[in-house]
Amino acid sequence: MKRFFNTRETVVTEALDGFLRSSAGHHLCRLDGYPDTCVIMRREIDRREVSVISGGGSGHEPAHAGFVGHGMLTAAVCGALFASPCVDAILAAILATTGEAGCLLVVKNYTGDRLNFGLAAERARALGKKVEMVTVGDDIALPGSATPRGVAGTVLAHKLAGHGAAQGWSLEHVTEFVRDGTKRMRTIGMALEDCNPYEPARASRLAADQAELGLGIHGEPGAQRIAVAGANELMALAASTLEASLPTTVRNTRFALVLNNLGTVPEVEMALLLESFSHTPLARRISHVIGPAPLMTALDMNGFSLTVIELDEAITNALQAPAQPRAWPGITTFGSPSVAPMPAMPEAFPFTPSHNAAVASLLARGAEVLVANEAALNELDGKIGDGDAGSTFASAARDITAVRDRLPMNDPHQLMATIGNILTQHAGGSSGVLFAIMFSAAGHSKQPWQQALREGLAHMMECGGARPGDRTMIDALYPALEALAAGGGLKQAAQAARKGADATTTMDSARAGRAAYVPSEHVRNVPDPGAEAVARLLEGLAAG
């Protein structure tokens, strides 16, 4: 696993100083106690309010320092990676932030955290400070465990405590409120890959076809090793496991859901996972949602966790109250997506369908060729781009094939215009829209279809900016359409396209298209994927 860091020993202090320099940390400061004392605290502290302090090992960012701010934590004590902070660091945070109102420590249920925070509390009390401690144990991965782990629910405890402190509640009131809230929380995690705590030689314990349910935020093995499946199936398993842990006495209670990114799940997949959750039976009991967002992560763990909290009026108000930390994503009601009506769109099939056996055969053969070459063209595109050229062409072929019964096959111009409409509706990427431009322009031409395609290509080049010699699909398309316009057949067009596509391998640089952003050494001896697609299509049509 490649990482951006200097040494494992300095990761935490360097990251904390970077955080304090950032826009998200502008309202914070740190105690001058590096490297042993890593305390992030508010710059402005109202000591008439209860001080809320949390912390633990680093590697779970934005927890804990990311949640320091009005409405949440007063200070966070950050230990080394996955290691509890020392007693003196915790005591320093208490002494630096605690006034007459007292201090509440919010602690994850791990032995090191309980011991170090507990001893710091005792020492602070001996110095005359009022200190209470709430231990969060929301993990339900190990049923019946006497010491369930504290995981993402800890952030909800931060929010409840910070809200109570901001309201001016007494230490006893805040403590009771948070302690009651922690009893209402339950969390389950799932990951496709465990985390790597800066050990380059360490390999994942999970095979490519394995996932884990109920693993810990320090990479502890999960309760179950399961087979990788689709998002809906994996989410259904996580949600049903979580729902089974709910007490039967709360059947009519509404819950808030936290969808937490454990580290490296892309945002698009996190959003998809929330949609997957909406199809589970548990979703019917969820009235509010927090996230998806990274709240309690585990370095580079490729996974997510679900947390539910039973709601009452006080807890709902606390979760809805504004908070200063940017890492807090807020809460919203959980319901169906809001949908607006589509405006009136141009008719995609304005012409009467007609059948032509020869044209139908060409269309079918062309689609077959593009679909068969999807993987090969993706691999080729992956050398200089994002690896989707084959999928773009194959998808367009499938879209046209799906509506072949609605095509005006007996009229070339109507057919080209309709194909342009289909590509406008469905095709993605630059190549899709460029072909839509070409076919639409060709369909509106007054010239015979061969010359009309050449006119369409001219309009494509005008819009796209590429010319022959620029190392794009134009290098195969231009000579092929010139051959057709000159009276040649598919064989001559295919030969011209192949010559043009092969010529792109000798071009050291591109002047248009995605390859224009790629250094010349990466494109040398590699044919342009678009040009190669055009050549393979015409060769397949000629062979058929």
# chains A, B, ... in the order shown; residues from 1 in each chain; ligands from 1
>>> residues_around(residues="A:Leu319", least_positions_apart="3", cutoff="7 Å", atoms="only C-alpha atoms", output="list in words")
Lys159, Leu160, Ile315, Thr316 and Ile331 of chain A
>>> select_by_dssp(residues="stretch 220-260 of chain A", states="alpha helix (DSSP H)", output="ChimeraX atom specification")
/A:231-244
>>> closest_residue(among="A:Ala101, A:Leu541, A:Cys463, A:Ala93", to="A:Ala494", atoms="only C-alpha atoms")
A:Leu541
>>> residues_around(residues="A:Asn232", least_positions_apart="3", cutoff="12 Å", atoms="only C-alpha atoms", output="PyMOL selection string")
chain A and resi 228-229+235-240+269+272-280
>>> closest_atom_pairs(of="stretch 36-104 of chain A", to="stretch 112-117 of chain A", cutoff="7 Å", atoms="only C-alpha atoms", output="tab-separated table")
residue	atom	partner	partner_atom	distance
A:Gly56	CA	A:Asp113	CA	6.3
A:Ser84	CA	A:Asp113	CA	5.4
A:Cys86	CA	A:Asn116	CA	6.3
A:Val87	CA	A:Asn116	CA	5.0
A:Ile90	CA	A:Phe117	CA	6.5
>>> residues_around(residues="stretch 295-310 of chain A", least_positions_apart="2", cutoff="8 Å", atoms="only C-alpha atoms", output="JSON, numbers by chain")
{"A": [59, 60, 61, 62, 63, 151, 152, 153, 155, 181, 184, 185, 186, 187, 188, 189, 190, 191, 192, 193, 194, 195, 196, 197, 217, 218, 219, 238, 239, 242, 253, 254, 255, 256, 257, 258, 259, 260, 261, 262, 263, 264, 265, 293, 312, 327, 328]}
>>> atom_distance(atom1="atom CA of A:Gly69", atom2="atom CA of A:Pro148")
27.9 Å
>>> atom_distance(atom1="atom CA of A:Val359", atom2="atom CA of A:Glu462")
28.8 Å
>>> atom_distance(atom1="atom CA of A:Val50", atom2="atom CA of A:Ala323")
15.8 Å
>>> residues_around(residues="A:Ser361", least_positions_apart="6", cutoff="12 Å", atoms="only C-alpha atoms", output="list of chain:residue names")
A:His355, A:Ala367, A:Glu368, A:Thr401, A:Arg404, A:Met409, A:Leu541, A:Ala542, A:Gly544
>>> write_last_selection(atoms="C-alpha atoms", output="PDB file, in the first residue's frame")
ATOM      1  CA  HIS A 355     -37.448  -2.935 -42.355  1.00  0.00           C
ATOM      2  CA  ALA A 367     -23.229  -4.430 -32.823  1.00  0.00           C
ATOM      3  CA  GLU A 368     -21.761  -7.918 -32.580  1.00  0.00           C
ATOM      4  CA  THR A 401     -29.953  -2.922 -31.112  1.00  0.00           C
ATOM      5  CA  ARG A 404     -34.064  -1.892 -34.005  1.00  0.00           C
ATOM      6  CA  MET A 409     -34.175   1.223 -42.219  1.00  0.00           C
ATOM      7  CA  LEU A 541     -18.651  -5.316 -41.444  1.00  0.00           C
ATOM      8  CA  ALA A 542     -16.520  -5.979 -44.528  1.00  0.00           C
ATOM      9  CA  GLY A 544     -19.528 -10.152 -42.936  1.00  0.00           C
TER      10      GLY A 544
END
>>> select_by_dssp(residues="stretch 130-348 of chain A", states="strand (DSSP E)", output="ChimeraX atom specification")
/A:131-136,185-193,210-213,224-227,255-261,286-293,302-310,331-333
>>> residues_around(residues="A:Leu31", least_positions_apart="6", cutoff="8 Å", atoms="only C-alpha atoms", output="compact mmCIF listing (two decimals) with N, CA and C atoms, in the first residue's frame")
# COMPACT_ATOMS: atom_id res chain seq x y z
N THR A 37 2.03 14.82 24.15
CA THR A 37 0.72 15.40 24.42
C THR A 37 0.17 16.00 23.14
N CYS A 38 -0.79 15.31 22.55
CA CYS A 38 -1.42 15.78 21.31
C CYS A 38 -2.88 16.10 21.62
N VAL A 39 -3.11 17.33 22.05
CA VAL A 39 -4.45 17.77 22.44
C VAL A 39 -4.90 18.89 21.51
N ILE A 40 -6.01 18.67 20.83
CA ILE A 40 -6.63 19.69 19.99
C ILE A 40 -7.83 20.24 20.75
N MET A 41 -7.93 21.56 20.84
CA MET A 41 -9.00 22.17 21.63
C MET A 41 -9.50 23.44 20.95
>>> closest_residue(among="A:Pro408, A:Gly71, A:Gly382, A:Gly66", to="A:Ala360", atoms="only C-alpha atoms")
A:Pro408
>>> closest_residue(among="A:Leu477, A:Gly387, A:Ala283, A:Val369", to="A:Ser336", atoms="only C-alpha atoms")
A:Ala283
